[in-house]
Amino acid sequence: MRAEPQAADYRPETAIDALAEWLGARVAPADFPKTQIRFRNDRWAKPVGLAHLSDEEWAAHFGRFEPLPDNLPEPLALKYHGHQFRAYNPDIGDGRGFLAAQLRGSDGRLLDLGTKGSGQTPYSRNGDGRLTLKGAIREILATEMLEALGANTSKTFSVIETGEQLWRDDEPSPARSAVMVRLSHSHIRIGTFQRLLAMEETEHMEALITYCLTHFPGPQPPEDAPGRDEAAAILMHQVVERMADLAASYMVAGFVHGVLNTDNMNITGESFDYGPWRWLPKWDPSFTAAYFDHGGLYAFGRQPEALHWNCGQLAVALRLVTDADPLIAALNRYGELYMAAVARRWCWRLGVEPRGVESDTQLVAACEKAMREGKISPDAFFFANRGGGNAVGDLADALKNYAPADSSHAYWSGDAPQSMLIEEVEAIWAAIDEGDDWGPLHSKIEALREMGSAHGERPEPTGHQTANPIE
């Protein structure tokens with residue numbers, strides 16, 4: 001079963017300071033009328049040494065953004081560029097968020113506490129720098145569901161209602177307001193590298209690569225990879241592996257992010273920034289989440305290609321400091337890595353022991369066929385066929401040589417799986433909006449964490465050296 005995050009002492013870190021003067025701008029948080037805690041993620045506060053904070057201290061640090069002890073003295077809003085629906089935009093950056101603090105987790109890895117809805121910055125353009133409470137609630141639900149399904153996701157760390165009234169075109173207004181804090185292993189995006197290319201900042205590009213490899217180490221490139229000892233090539237290989245696994249996690253979860261722009265791509269491969277997301281009501285590659293995605297660029301079935309394209313934009317940026325061949329070699333690994341990740345994650349969610357990528361890929365195809373023909377959601381499919389014992393027809397044939405994994409958790413004997421279809425999301429929000437009833441939200445979080453425990457630890461790639469490649 002899934003282990004709970006280990007408690008640890010608070011270990012402040014300010015590694016970003018070495019890059020801060022050219023990576024972003026020091027900013028001040030908004031002065032909100034109130035700071036009422038609506039969600040504090042003590043589950044993830046434990047491994048960063050912050051679960052001991054009183055509610056008053058929590059509101060001070062994550063609502064008024066008083067600096068954490070020995071941490072960043074001022075918030076840092078990062079500047080970056082990005083392709084937004086494949087159109088390059090140099091006029092973006094942290095427009096309603098900033099990096100509030102850095103710290104080490106119980107595993108020793110560097111973590112960032114970043115915000116959403118914390119006020120205007122030099123990159124806000126015409127925006128008010130705010131976040132609706134509904135948007136924050138939706139982010140809680142997305143991150144909790146994805147975490148339970150084994151996706152590499154940021155964690156919603158805190159949500160505080162701020163007492164302002166916001167006007168939005170895409171939801172009833174005036175809307176309640178909130179400020180959110182997310183926990184992730186990096187605040188660095190593919191768009192961060194794109195900006196350095198556009199500005200031809202070679203020394204800063206090299207410094208950023210070193211920062212990423214130092215603080216977010218990953219697997220070494222294959223032994224036969226060209227330029228495998230070059231820093232830019234090492235980073236490219238790592239990002240390609242992470243993005244391939246992220247794309248696979250979306251597909252196995254039946255999740256549609258909705259806005260897979262390069263400024264929404266974290267180089268650690270962590271999914272974040274949840275706006276118009278959806279879970280599939282049935283297996284449909286053409287299903288889109290964003291009402292403004294008229295061409296279906298980020299439809300469910302196109303997400304793997306979208307992340308591959310984004311990796312290509314990182315390769316273009318890294319050409320500022322290295323040759324093309326090592327970067328192309330890394331990029332060309334994406335397809336094979338993606339298929340292996342889908343096979344690995346699919347067997348994990350289905351509750352069977354993997355038998356090898358070729359066999360597992362055939363199993364995936366049989367499952368997809370069963371979902372299409374049955375017009376059922378992935379959530380219902382995986383729950384009903386857990387361990388393969390209830391499969392019939394062609395699916396039973398595909399599963400006949402698969403050994404079941406552990407399915408003893410009480411969750412698997414329940415009446416129905418957890419899901420996150422839009423109707424339930426809207427019902428949870430309606431309870432809050434109409435009656436200030438937070439019970440359905442808290443019950444859903446508890447149920448999702450129970451589902452995560454039933455699934456157990458997500459499967460990780462094997463056979464890679466993960467030592468820090470830069471001393």
# chains A, B, ... in the order shown; residues from 1 in each chain; ligands from 1
$ closest_atom_pairs --of "stretch 157-268 of chain A" --to "stretch 138-142 of chain A" --cutoff "10 Å" --atoms "only C-alpha atoms" --output "tab-separated table"
residue	atom	partner	partner_atom	distance
A:Phe157	CA	A:Ile140	CA	8.6
A:Ser158	CA	A:Ile140	CA	9.0
A:Val159	CA	A:Ile140	CA	8.5
A:Met180	CA	A:Glu139	CA	9.0
A:Arg182	CA	A:Glu139	CA	9.5
A:Phe255	CA	A:Ala142	CA	9.3
A:His257	CA	A:Ala142	CA	9.4
$ residues_around --residues "A:Leu131" --least-positions-apart "4" --cutoff "9 Å" --atoms "only C-alpha atoms" --output "list in words"
Arg96, Lys116, Gly117, Ser118, Gly119, Gly135, Ala136, Leu166, Arg176, Ser177, Ala178, Val179 and Met180 of chain A
$ closest_residue --among "A:Val321, A:Val240, A:Ile190, A:Val181" --to "A:Asn264" --atoms "only C-alpha atoms"
A:Ile190
$ residues_around --residues "A:Val357" --least-positions-apart "4" --cutoff "9 Å" --atoms "only C-alpha atoms" --output "MDAnalysis selection string"
chainID A and resid 339:344 361:362
